[in-house]
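Student: Sharing query.cif, mmCIF, C-alpha atoms:
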```
data_coords
loop_
_atom_site.label_atom_id
_atom_site.label_comp_id
_atom_site.auth_asym_id
_atom_site.auth_seq_id
_atom_site.Cartn_x
_atom_site.Cartn_y
_atom_site.Cartn_z
CA MET A 99 0.00 0.00 0.00
CA LYS A 100 1.16 3.51 -0.79
CA LYS A 101 2.15 5.44 2.34
CA LYS A 102 1.21 9.01 3.10
CA ILE A 103 4.15 11.38 2.54
CA ILE A 104 4.46 14.42 4.84
CA LEU A 105 6.77 17.37 4.16
CA ALA A 106 7.64 18.84 7.59
CA SER A 107 8.01 22.39 6.28
CA ALA A 108 6.09 25.66 5.97
CA SER A 109 8.28 26.92 3.10
CA PRO A 110 6.24 27.63 -0.06
CA ARG A 111 9.44 27.15 -2.11
CA ARG A 112 10.10 23.64 -0.76
CA LYS A 113 6.45 22.72 -1.31
CA GLU A 114 6.55 23.96 -4.92
CA LEU A 115 9.80 22.10 -5.74
CA LEU A 116 8.58 18.77 -4.33
CA ALA A 117 5.21 19.18 -6.08
CA MET A 118 6.97 19.56 -9.44
CA THR A 119 8.33 15.99 -9.20
CA GLY A 120 4.74 14.70 -9.27
CA ILE A 121 5.09 13.11 -5.81
CA GLU A 122 1.86 13.42 -3.79
CA PHE A 123 2.34 14.76 -0.28
CA ILE A 124 0.88 16.99 2.42
CA CYS A 125 2.61 19.73 4.44
CA LYS A 126 2.80 19.82 8.24
CA PRO A 127 5.21 22.50 9.48
CA SER A 128 7.19 21.53 12.56
CA GLN A 129 7.07 23.96 15.51
CA VAL A 130 9.93 22.18 17.31
CA GLU A 131 12.38 24.35 19.23
CA GLU A 132 15.63 23.93 17.32
CA LYS A 133 18.58 22.69 19.40
CA ILE A 134 21.98 23.09 17.76
CA THR A 135 24.74 20.96 19.33
CA LYS A 136 27.06 20.91 16.28
CA SER A 137 29.26 23.59 14.72
CA GLU A 138 29.96 22.49 11.14
CA PRO A 139 27.21 23.68 8.74
CA GLN A 140 26.67 20.23 7.19
CA GLU A 141 26.20 18.75 10.68
CA VAL A 142 23.91 21.60 11.79
CA VAL A 143 21.49 21.26 8.84
CA GLU A 144 21.37 17.46 9.20
CA GLU A 145 20.72 17.78 12.96
CA LEU A 146 17.92 20.32 12.47
CA SER A 147 16.32 18.30 9.67
CA VAL A 148 16.22 15.27 12.00
CA GLN A 149 14.57 17.32 14.78
CA LYS A 150 11.87 18.64 12.42
CA ALA A 151 11.13 15.21 10.93
CA LYS A 152 11.01 13.49 14.35
CA ASP A 153 8.71 16.21 15.73
CA ILE A 154 6.14 15.54 13.03
CA MET A 155 6.58 11.74 13.10
CA SER A 156 5.98 11.69 16.88
CA ARG A 157 2.39 12.83 16.26
CA GLU A 158 1.63 10.30 13.51
CA LEU A 159 -0.13 7.07 14.44
CA SER A 160 -0.24 5.20 11.13
CA ASP A 161 2.51 4.15 8.71
CA CYS A 162 3.87 7.14 6.84
CA ILE A 163 6.93 8.91 5.44
CA VAL A 164 8.11 12.23 6.90
CA ILE A 165 10.63 14.54 5.17
CA GLY A 166 12.38 17.22 7.23
CA SER A 167 14.86 19.74 5.92
CA ASP A 168 16.89 22.79 6.94
CA THR A 169 19.03 25.27 4.97
CA VAL A 170 21.88 27.55 6.07
CA VAL A 171 24.38 29.72 4.24
CA SER A 172 28.03 29.53 5.24
CA CYS A 173 30.44 32.35 4.36
CA GLY A 174 34.00 32.75 5.60
CA GLY A 175 33.44 30.23 8.40
CA LYS A 176 30.27 31.93 9.68
CA ILE A 177 26.78 30.44 9.46
CA LEU A 178 24.09 32.84 8.22
CA GLY A 179 20.40 32.28 8.89
CA LYS A 180 17.57 34.67 7.97
CA PRO A 181 18.25 38.40 8.48
CA VAL A 182 16.53 39.93 11.53
CA ASP A 183 16.09 43.43 10.03
CA VAL A 184 17.00 45.63 7.04
CA GLN A 185 20.44 46.59 8.42
CA HIS A 186 21.25 42.94 9.07
CA ALA A 187 20.19 42.01 5.52
CA GLU A 188 22.40 44.76 4.03
CA LYS A 189 25.40 43.65 6.11
CA MET A 190 24.82 40.01 5.11
CA LEU A 191 24.68 40.83 1.38
CA ALA A 192 27.76 43.08 1.61
CA GLY A 193 29.55 40.05 3.07
CA LEU A 194 28.45 37.82 0.17
CA ALA A 195 29.17 40.25 -2.71
CA GLY A 196 32.27 39.66 -4.84
CA ARG A 197 33.10 36.23 -3.39
CA ALA A 198 31.98 32.61 -3.01
CA HIS A 199 29.87 31.09 -0.24
CA GLN A 200 28.26 27.73 0.46
CA VAL A 201 24.60 26.79 0.81
CA TYR A 202 23.91 23.64 2.84
CA THR A 203 20.59 21.84 3.03
CA GLY A 204 20.14 18.84 5.30
CA VAL A 205 17.34 16.37 4.62
CA THR A 206 15.91 13.61 6.81
CA ILE A 207 13.60 10.90 5.48
CA LEU A 208 11.77 8.91 8.17
CA ILE A 209 9.74 5.84 7.17
CA LYS A 210 7.43 4.25 9.73
CA GLN A 211 6.20 0.75 8.97
CA GLY A 212 4.55 -0.99 11.91
CA ASN A 213 7.11 -1.02 14.73
CA SER A 214 10.11 -0.31 12.50
CA LEU A 215 11.50 3.12 11.67
CA ILE A 216 13.91 3.68 8.79
CA GLU A 217 15.97 6.87 8.93
CA LYS A 218 17.95 8.31 6.01
CA VAL A 219 19.85 11.57 6.58
CA PHE A 220 21.91 13.44 3.98
CA HIS A 221 22.97 16.93 2.97
CA GLU A 222 23.85 18.73 -0.24
CA CYS A 223 26.29 21.62 -0.55
CA THR A 224 26.25 24.17 -3.38
CA THR A 225 28.95 26.81 -3.84
CA VAL A 226 27.58 30.15 -5.08
CA TYR A 227 29.73 32.89 -6.68
CA VAL A 228 28.32 36.42 -6.37
CA TYR A 229 29.40 39.37 -8.60
CA PRO A 230 30.67 42.50 -6.83
CA MET A 231 27.78 44.80 -5.84
CA THR A 232 27.64 48.53 -5.07
CA GLU A 233 26.09 49.82 -1.83
CA ILE A 234 23.17 51.17 -3.86
CA GLU A 235 22.58 47.81 -5.54
CA ILE A 236 22.49 46.14 -2.11
CA LYS A 237 20.09 48.76 -0.70
CA ASN A 238 17.82 48.48 -3.75
CA TYR A 239 17.61 44.70 -3.40
CA VAL A 240 16.92 44.82 0.33
CA GLN A 241 14.14 47.35 -0.34
CA THR A 242 12.26 44.72 -2.36
CA GLY A 243 11.66 42.88 0.93
CA GLU A 244 12.80 39.59 -0.57
CA PRO A 245 15.79 38.98 1.74
CA MET A 246 13.83 38.85 4.98
CA ASP A 247 12.52 35.27 4.89
CA LYS A 248 15.59 33.73 3.25
CA ALA A 249 18.74 32.21 4.78
CA GLY A 250 21.68 34.35 3.62
CA GLY A 251 19.36 37.22 2.66
CA TYR A 252 18.76 36.46 -1.02
CA GLY A 253 16.72 34.28 -3.35
CA ILE A 254 18.58 32.78 -6.32
CA GLN A 255 15.22 32.56 -8.14
CA THR A 256 14.60 36.32 -7.82
CA ALA A 257 16.10 39.38 -9.56
CA PHE A 258 19.14 38.81 -7.34
CA GLY A 259 19.97 35.59 -9.21
CA MET A 260 19.37 37.20 -12.62
CA LYS A 261 21.74 40.10 -11.89
CA TYR A 262 24.36 39.12 -9.32
CA ILE A 263 24.97 35.36 -9.26
CA GLN A 264 27.88 34.56 -11.56
CA LYS A 265 27.85 30.77 -11.28
CA ILE A 266 27.23 27.86 -8.94
CA GLU A 267 28.75 24.43 -8.31
CA GLY A 268 26.16 21.94 -7.13
CA ASP A 269 22.38 21.63 -7.27
CA TYR A 270 20.53 24.88 -8.07
CA TYR A 271 17.36 23.78 -6.23
CA ASN A 272 19.46 23.18 -3.12
CA VAL A 273 20.04 26.96 -3.10
CA VAL A 274 16.30 27.57 -3.55
CA GLY A 275 15.80 25.46 -0.39
CA LEU A 276 15.50 21.76 -1.19
CA PRO A 277 17.90 19.38 -3.02
CA VAL A 278 14.87 17.92 -4.72
CA SER A 279 16.61 15.70 -7.31
CA ARG A 280 18.74 14.01 -4.61
CA LEU A 281 15.60 13.59 -2.48
CA TYR A 282 13.76 12.05 -5.44
CA GLN A 283 16.64 9.64 -6.10
CA GLU A 284 16.83 8.64 -2.40
CA LEU A 285 13.06 7.99 -2.29
CA LYS A 286 13.47 5.85 -5.42
CA LEU A 287 16.24 3.83 -3.72
CA LEU A 288 14.04 3.39 -0.63
CA LYS A 289 11.32 2.03 -2.96
CA VAL A 290 8.58 4.24 -1.56
CA LEU A 291 7.54 5.81 -4.88
CA GLU A 292 4.90 4.36 -7.19
CA GLU A 293 6.45 2.14 -9.84
CA LYS A 294 6.10 3.79 -13.21
CA MET B 293 18.99 59.70 -23.77
CA LYS B 294 18.01 56.14 -22.96
CA LYS B 295 18.22 53.87 -25.99
CA LYS B 296 15.61 51.32 -27.01
CA ILE B 297 16.74 47.75 -26.15
CA ILE B 298 15.67 44.94 -28.51
CA LEU B 299 15.93 41.24 -27.66
CA ALA B 300 16.32 39.40 -30.99
CA SER B 301 14.56 36.25 -29.78
CA ALA B 302 11.18 34.54 -29.83
CA SER B 303 11.94 32.42 -26.75
CA PRO B 304 9.45 33.02 -23.92
CA ARG B 305 12.11 31.79 -21.46
CA ARG B 306 14.72 34.35 -22.57
CA LYS B 307 12.10 37.09 -22.46
CA GLU B 308 11.08 36.12 -18.92
CA LEU B 309 14.67 36.00 -17.63
CA LEU B 310 15.62 39.40 -19.04
CA ALA B 311 12.36 40.93 -17.76
CA MET B 312 13.20 39.79 -14.21
CA THR B 313 16.27 42.07 -14.15
CA GLY B 314 13.96 45.07 -14.48
CA ILE B 315 15.53 46.10 -17.81
CA GLU B 316 12.93 47.49 -20.23
CA PHE B 317 13.07 45.97 -23.71
CA ILE B 318 11.00 44.78 -26.64
CA CYS B 319 11.23 41.46 -28.52
CA LYS B 320 11.83 41.16 -32.26
CA PRO B 321 12.56 37.56 -33.29
CA SER B 322 15.12 37.19 -36.06
CA GLN B 323 14.10 35.10 -39.07
CA VAL B 324 17.64 35.00 -40.46
CA GLU B 325 18.79 31.82 -42.15
CA GLU B 326 21.49 30.50 -39.82
CA LYS B 327 24.86 29.89 -41.45
CA ILE B 328 27.28 27.78 -39.43
CA THR B 329 30.92 28.05 -40.55
CA LYS B 330 32.51 26.94 -37.22
CA SER B 331 32.74 23.57 -35.50
CA GLU B 332 33.44 24.26 -31.81
CA PRO B 333 30.21 24.81 -29.80
CA GLN B 334 31.40 28.08 -28.21
CA GLU B 335 32.22 29.44 -31.68
CA VAL B 336 28.94 28.21 -33.18
CA VAL B 337 26.74 29.92 -30.55
CA GLU B 338 28.70 33.18 -30.79
CA GLU B 339 28.46 33.12 -34.59
CA LEU B 340 24.71 32.49 -34.58
CA SER B 341 24.10 35.16 -31.91
CA VAL B 342 25.94 37.69 -34.14
CA GLN B 343 23.80 36.72 -37.17
CA LYS B 344 20.55 37.15 -35.22
CA ALA B 345 21.57 40.50 -33.72
CA LYS B 346 22.83 41.89 -37.07
CA ASP B 347 19.63 40.76 -38.83
CA ILE B 348 17.48 42.81 -36.45
CA MET B 349 19.90 45.78 -36.34
CA SER B 350 19.91 45.99 -40.16
CA ARG B 351 16.23 46.96 -40.03
CA GLU B 352 16.58 49.63 -37.32
CA LEU B 353 16.97 53.26 -38.38
CA SER B 354 17.44 55.02 -35.03
CA ASP B 355 20.01 54.51 -32.24
CA CYS B 356 19.30 51.33 -30.30
CA ILE B 357 20.73 48.25 -28.59
CA VAL B 358 20.13 44.76 -30.00
CA ILE B 359 20.79 41.55 -28.06
CA GLY B 360 21.08 38.26 -29.98
CA SER B 361 21.64 34.85 -28.45
CA ASP B 362 21.83 31.18 -29.31
CA THR B 363 22.04 28.01 -27.18
CA VAL B 364 23.33 24.52 -27.98
CA VAL B 365 24.02 21.40 -25.94
CA SER B 366 27.30 19.56 -26.47
CA CYS B 367 27.70 15.95 -25.38
CA GLY B 368 30.64 13.66 -26.17
CA GLY B 369 31.85 15.99 -28.94
CA LYS B 370 28.45 16.17 -30.66
CA ILE B 371 26.31 19.32 -30.84
CA LEU B 372 22.63 18.77 -30.03
CA GLY B 373 19.93 21.19 -31.14
CA LYS B 374 16.17 20.73 -30.69
CA PRO B 375 14.81 17.19 -31.25
CA VAL B 376 12.94 16.70 -34.55
CA ASP B 377 10.52 14.06 -33.25
CA VAL B 378 9.72 11.81 -30.27
CA GLN B 379 12.26 9.13 -31.21
CA HIS B 380 14.97 11.74 -31.62
CA ALA B 381 14.13 13.23 -28.19
CA GLU B 382 14.32 9.78 -26.55
CA LYS B 383 17.67 9.06 -28.17
CA MET B 384 19.01 12.47 -27.13
CA LEU B 385 17.98 11.98 -23.49
CA ALA B 386 19.37 8.43 -23.40
CA GLY B 387 22.68 9.96 -24.50
CA LEU B 388 22.60 12.55 -21.69
CA ALA B 389 21.52 10.22 -18.84
CA GLY B 390 24.17 9.15 -16.31
CA ARG B 391 26.86 11.54 -17.50
CA ALA B 392 27.92 15.16 -17.89
CA HIS B 393 27.33 17.48 -20.85
CA GLN B 394 27.85 21.15 -21.64
CA VAL B 395 25.34 23.88 -22.40
CA TYR B 396 26.71 26.84 -24.38
CA THR B 397 24.93 30.13 -24.93
CA GLY B 398 26.45 32.82 -27.12
CA VAL B 399 25.34 36.42 -26.73
CA THR B 400 25.92 39.44 -28.98
CA ILE B 401 25.26 43.01 -27.86
CA LEU B 402 25.14 45.58 -30.69
CA ILE B 403 24.96 49.28 -29.84
CA LYS B 404 24.20 51.75 -32.62
CA GLN B 405 24.95 55.40 -31.90
CA GLY B 406 24.87 57.64 -34.96
CA ASN B 407 27.36 56.19 -37.42
CA SER B 408 29.21 54.08 -34.87
CA LEU B 409 28.44 50.47 -33.98
CA ILE B 410 29.80 48.82 -30.84
CA GLU B 411 29.82 45.02 -30.83
CA LYS B 412 30.35 42.85 -27.73
CA VAL B 413 30.25 39.06 -28.18
CA PHE B 414 30.65 36.48 -25.39
CA HIS B 415 29.53 33.00 -24.39
CA GLU B 416 28.90 31.13 -21.17
CA CYS B 417 29.35 27.40 -20.65
CA THR B 418 27.60 25.37 -17.94
CA THR B 419 28.38 21.72 -17.26
CA VAL B 420 25.30 19.67 -16.32
CA TYR B 421 25.42 16.26 -14.56
CA VAL B 422 22.39 14.03 -15.17
CA TYR B 423 21.44 11.06 -12.93
CA PRO B 424 21.04 7.67 -14.65
CA MET B 425 17.53 7.22 -16.08
CA THR B 426 15.53 4.14 -17.00
CA GLU B 427 13.95 3.75 -20.46
CA ILE B 428 10.54 4.24 -18.85
CA GLU B 429 11.62 7.46 -17.15
CA ILE B 430 12.86 8.79 -20.50
CA LYS B 431 9.64 7.81 -22.31
CA ASN B 432 7.51 9.38 -19.56
CA TYR B 433 9.39 12.66 -19.79
CA VAL B 434 9.23 12.79 -23.59
CA GLN B 435 5.46 12.16 -23.36
CA THR B 436 5.06 15.47 -21.49
CA GLY B 437 5.95 17.22 -24.76
CA GLU B 438 8.47 19.45 -23.01
CA PRO B 439 11.59 18.26 -24.89
CA MET B 440 10.43 19.32 -28.35
CA ASP B 441 11.23 23.06 -28.30
CA LYS B 442 14.42 22.75 -26.22
CA ALA B 443 18.06 22.30 -27.28
CA GLY B 444 19.23 18.95 -25.83
CA GLY B 445 15.63 17.83 -25.31
CA TYR B 446 15.07 18.91 -21.68
CA GLY B 447 14.23 21.92 -19.54
CA ILE B 448 16.21 22.29 -16.30
CA GLN B 449 13.31 24.37 -14.93
CA THR B 450 10.80 21.51 -15.46
CA ALA B 451 10.19 18.19 -13.66
CA PHE B 452 13.32 16.96 -15.45
CA GLY B 453 15.50 19.29 -13.38
CA MET B 454 13.71 18.39 -10.13
CA LYS B 455 14.23 14.64 -10.67
CA TYR B 456 17.27 13.97 -12.84
CA ILE B 457 19.80 16.83 -12.69
CA GLN B 458 22.36 16.05 -10.01
CA LYS B 459 24.40 19.22 -10.15
CA ILE B 460 25.74 21.93 -12.44
CA GLU B 461 28.92 23.97 -12.74
CA GLY B 462 28.25 27.44 -14.15
CA ASP B 463 25.24 29.72 -14.47
CA TYR B 464 21.86 28.02 -14.04
CA TYR B 465 20.03 30.56 -16.22
CA ASN B 466 22.50 29.83 -19.02
CA VAL B 467 20.95 26.33 -19.11
CA VAL B 468 17.44 27.82 -19.15
CA GLY B 469 18.57 29.75 -22.26
CA LEU B 470 20.20 33.08 -21.39
CA PRO B 471 23.25 33.86 -19.18
CA VAL B 472 21.28 36.78 -17.83
CA SER B 473 23.57 37.83 -14.95
CA ARG B 474 26.61 38.01 -17.30
CA LEU B 475 24.48 39.96 -19.80
CA TYR B 476 23.38 42.36 -17.04
CA GLN B 477 27.01 42.87 -15.93
CA GLU B 478 28.15 43.49 -19.54
CA LEU B 479 25.37 46.05 -20.10
CA LYS B 480 26.47 47.76 -16.86
CA LEU B 481 30.08 47.90 -18.13
CA LEU B 482 28.86 49.32 -21.45
CA LYS B 483 27.04 52.03 -19.45
CA VAL B 484 23.75 51.57 -21.28
CA LEU B 485 21.61 50.92 -18.18
CA GLU B 486 19.88 53.66 -16.19
CA GLU B 487 22.08 54.84 -13.32
CA LYS B 488 20.55 53.75 -10.04
#
```
Turn the structure described in the file into structure tokens.
Tutor:
Amino acid sequence: MKKKIILASASPRRKELLAMTGIEFICKPSQVEEKITKSEPQEVVEELSVQKAKDIMSRELSDCIVIGSDTVVSCGGKILGKPVDVQHAEKMLAGLAGRAHQVYTGVTILIKQGNSLIEKVFHECTTVYVYPMTEIEIKNYVQTGEPMDKAGGYGIQTAFGMKYIQKIEGDYYNVVGLPVSRLYQELKLLKVLEEK
Amino acid sequence: MKKKIILASASPRRKELLAMTGIEFICKPSQVEEKITKSEPQEVVEELSVQKAKDIMSRELSDCIVIGSDTVVSCGGKILGKPVDVQHAEKMLAGLAGRAHQVYTGVTILIKQGNSLIEKVFHECTTVYVYPMTEIEIKNYVQTGEPMDKAGGYGIQTAFGMKYIQKIEGDYYNVVGLPVSRLYQELKLLKVLEEK
């Protein structure tokens, strides 16, 4: 029997990416208080993706699949989350302009089948090269309001990507917020997708 | 005075990408008969982008800026254009699955000012890594009809990208059809954009 798939996320971008694969799923955002015990970005995003997935799974009674994920930006050894205000967003973008940074997304797949629980955790890293930007260009972009809900303060799928991102190394959709092709391939390996 | 900018392309994807930068332009597709005298993909796309831009410029009387562009996919030393039928699309995708290929886009910027004509020609190359695909996966994707109007037979911005593209090296939008950030930066250098 086909199991219910739950995406433990409130992000409209993650929802849209997963929907484009044709996989059927529902969204249940996790409200879990995030506890970071690690310091390396790839460990942090994996840890947080596990916490989100386990939070949702703990409330499910029947067999199902839960997908949790978390994204951070890492630049010059510092982890960047979402900006807290306009000044913070401007400072963040000034730090990214004219150099390379990394975007990490951790993903946890939990599969409950009777009393057994399968757990698959992975992360993807994409390096992003940003063109130099003037102060005015940074201010203009922050004024659009787009940075505020995005780790690192920019969206690669917005005007920012069309004007200031020179190139990337890795999965583009990982920068949008979900390494959706890797997730699709892992779900295929776990044999939880409909045979086609 | 601000000059009229003309995109010499009928591609809705190129139009959409350039529009997202906020640059104002109009579209005039070139109907020029393409003449290929080169063999290397980066030379072919530059040559064809020049032909398209010059075709449109030859019909313009007043000062203006014309942007021409052309995209090809190169895999194992062979240049791939758009598939001619379903069988051709399936064969093309089977050749791309489980390996890396290159996407080249050539861009020509022509600026007419009185009797002078400035010409800037460049190309961008993005390497794309595709996951292995089964025959059924290839057939299912071709059935969506998406491959038919796309060089190489796939769209990175469609379900294909969400399921089968592992990673890229280079500009993502170059694979969609226009290296729009490089184009934006070149227009900035040529001082033809509004000062902001």
Student: With a distance cut-off of 10 Å and only C-alpha atoms, select the neighbouring residues of Leu340 in chain B, excluding the residue or stretch itself and same-chain residues fewer than 3 positions from it, and output the selection as an NGL selection string.
Tutor: :B and (324-330 or 335-337 or 343-346 or 360-363 or 397-400)
Student: Name the residues that the PyMOL selection byres ((chain B) within 6 of (chain A)) pulls out of this structure, and write them as a PyMOL selection string.
Tutor: chain B and resi 312-313+451+454-456+459-463+472-473+476
Student: Any idea what the distance is between CA of Tyr396 in chain B and CA of Tyr252 in chain A?
Tutor: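 Here the two named atoms are 26.5 Å from each other.
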Student: Output the residue selection produced by the PyMOL selection byres ((chain B and resi 435) around 12) on the file above, formatted as a list in words.
Tutor: Asp377, Val378, Gln379, Ala381, Glu382, Ile428, Glu429, Ile430, Lys431, Asn432, Tyr433, Val434, Thr436, Gly437, Glu438, Pro439, Met440, Gly445 and Tyr446 of chain B
Student: Given the file above and the PyMOL selection byres ((chain B and resi 389) around 7), which residues are selected, and can you give them as a PyMOL selection string?
Tutor: chain B and resi 385-388+390-391+422-425
Student: Could you state the separation of CA of Glu478 in chain B and CA of Ser341 in chain B in Å, given to one decimal place?
Tutor: 15.5 Å
Student: Can you work out which one of A:Ile124, A:Val201, A:Ala106, A:Val290 has the shortest atom-to-atom distance to Met155 in chain A, counting only C-alpha atoms?
Tutor: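 Residue with the minimum atom-to-atom distance to Met155 in chain A: A:Ala106.
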Student: List as a PyMOL selection string the protein and nucleic acid residues near Ile371 in chain B, meaning an atom at most 10 Å away when all atoms listed in the file are counted, but skip any in the same chain fewer than 5 places from it.
Tutor: chain B and resi 331-333+336+364-366+394-396+443-444
Student: So how many Å separate CA of Ser301 in chain B and CA of Gly447 in chain B, to one decimal?
Tutor: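 Between CA of Ser301 in chain B and CA of Gly447 in chain B the gap works out to 17.6 Å.
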Student: Identify, on the basis of all atoms listed in the file, every residue whose closest approach to Leu402 in chain B does not exceed 6 Å; exclude the query and any residue fewer than 2 positions from it along the same chain; express the result as a short mmCIF file (atom, residue, chain, number, x, y, z; two decimals) with C-alpha atoms, keeping the file's coordinate frame.
Tutor:
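Done, and the output landed in part34.cif:
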```cif
data_model
loop_
_atom_site.label_atom_id
_atom_site.label_comp_id
_atom_site.auth_asym_id
_atom_site.auth_seq_id
_atom_site.Cartn_x
_atom_site.Cartn_y
_atom_site.Cartn_z
CA ILE B 357 20.73 48.25 -28.59
CA VAL B 358 20.13 44.76 -30.00
CA ILE B 410 29.80 48.82 -30.84
CA GLU B 411 29.82 45.02 -30.83
#
```
Student: Build an axis-aligned box that encloses every atom of range 297-313 of chain B listed in the file, pad it by 5 Å on each side, and report its centre and edge lengths in Å to one decimal, as JSON.
Tutor:
```
{"center_x": 13.1, "center_y": 39.8, "center_z": -22.6, "size_x": 17.3, "size_y": 26.0, "size_z": 26.8}
```
Student: With all atoms listed in the file as the basis for distance, which of B:Ile403, B:Val342, B:Val413, B:Leu299 is at the shortest distance from Ile359 in chain B?
Tutor: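 With all atoms listed in the file as the atom set, the closest residue is B:Leu299.
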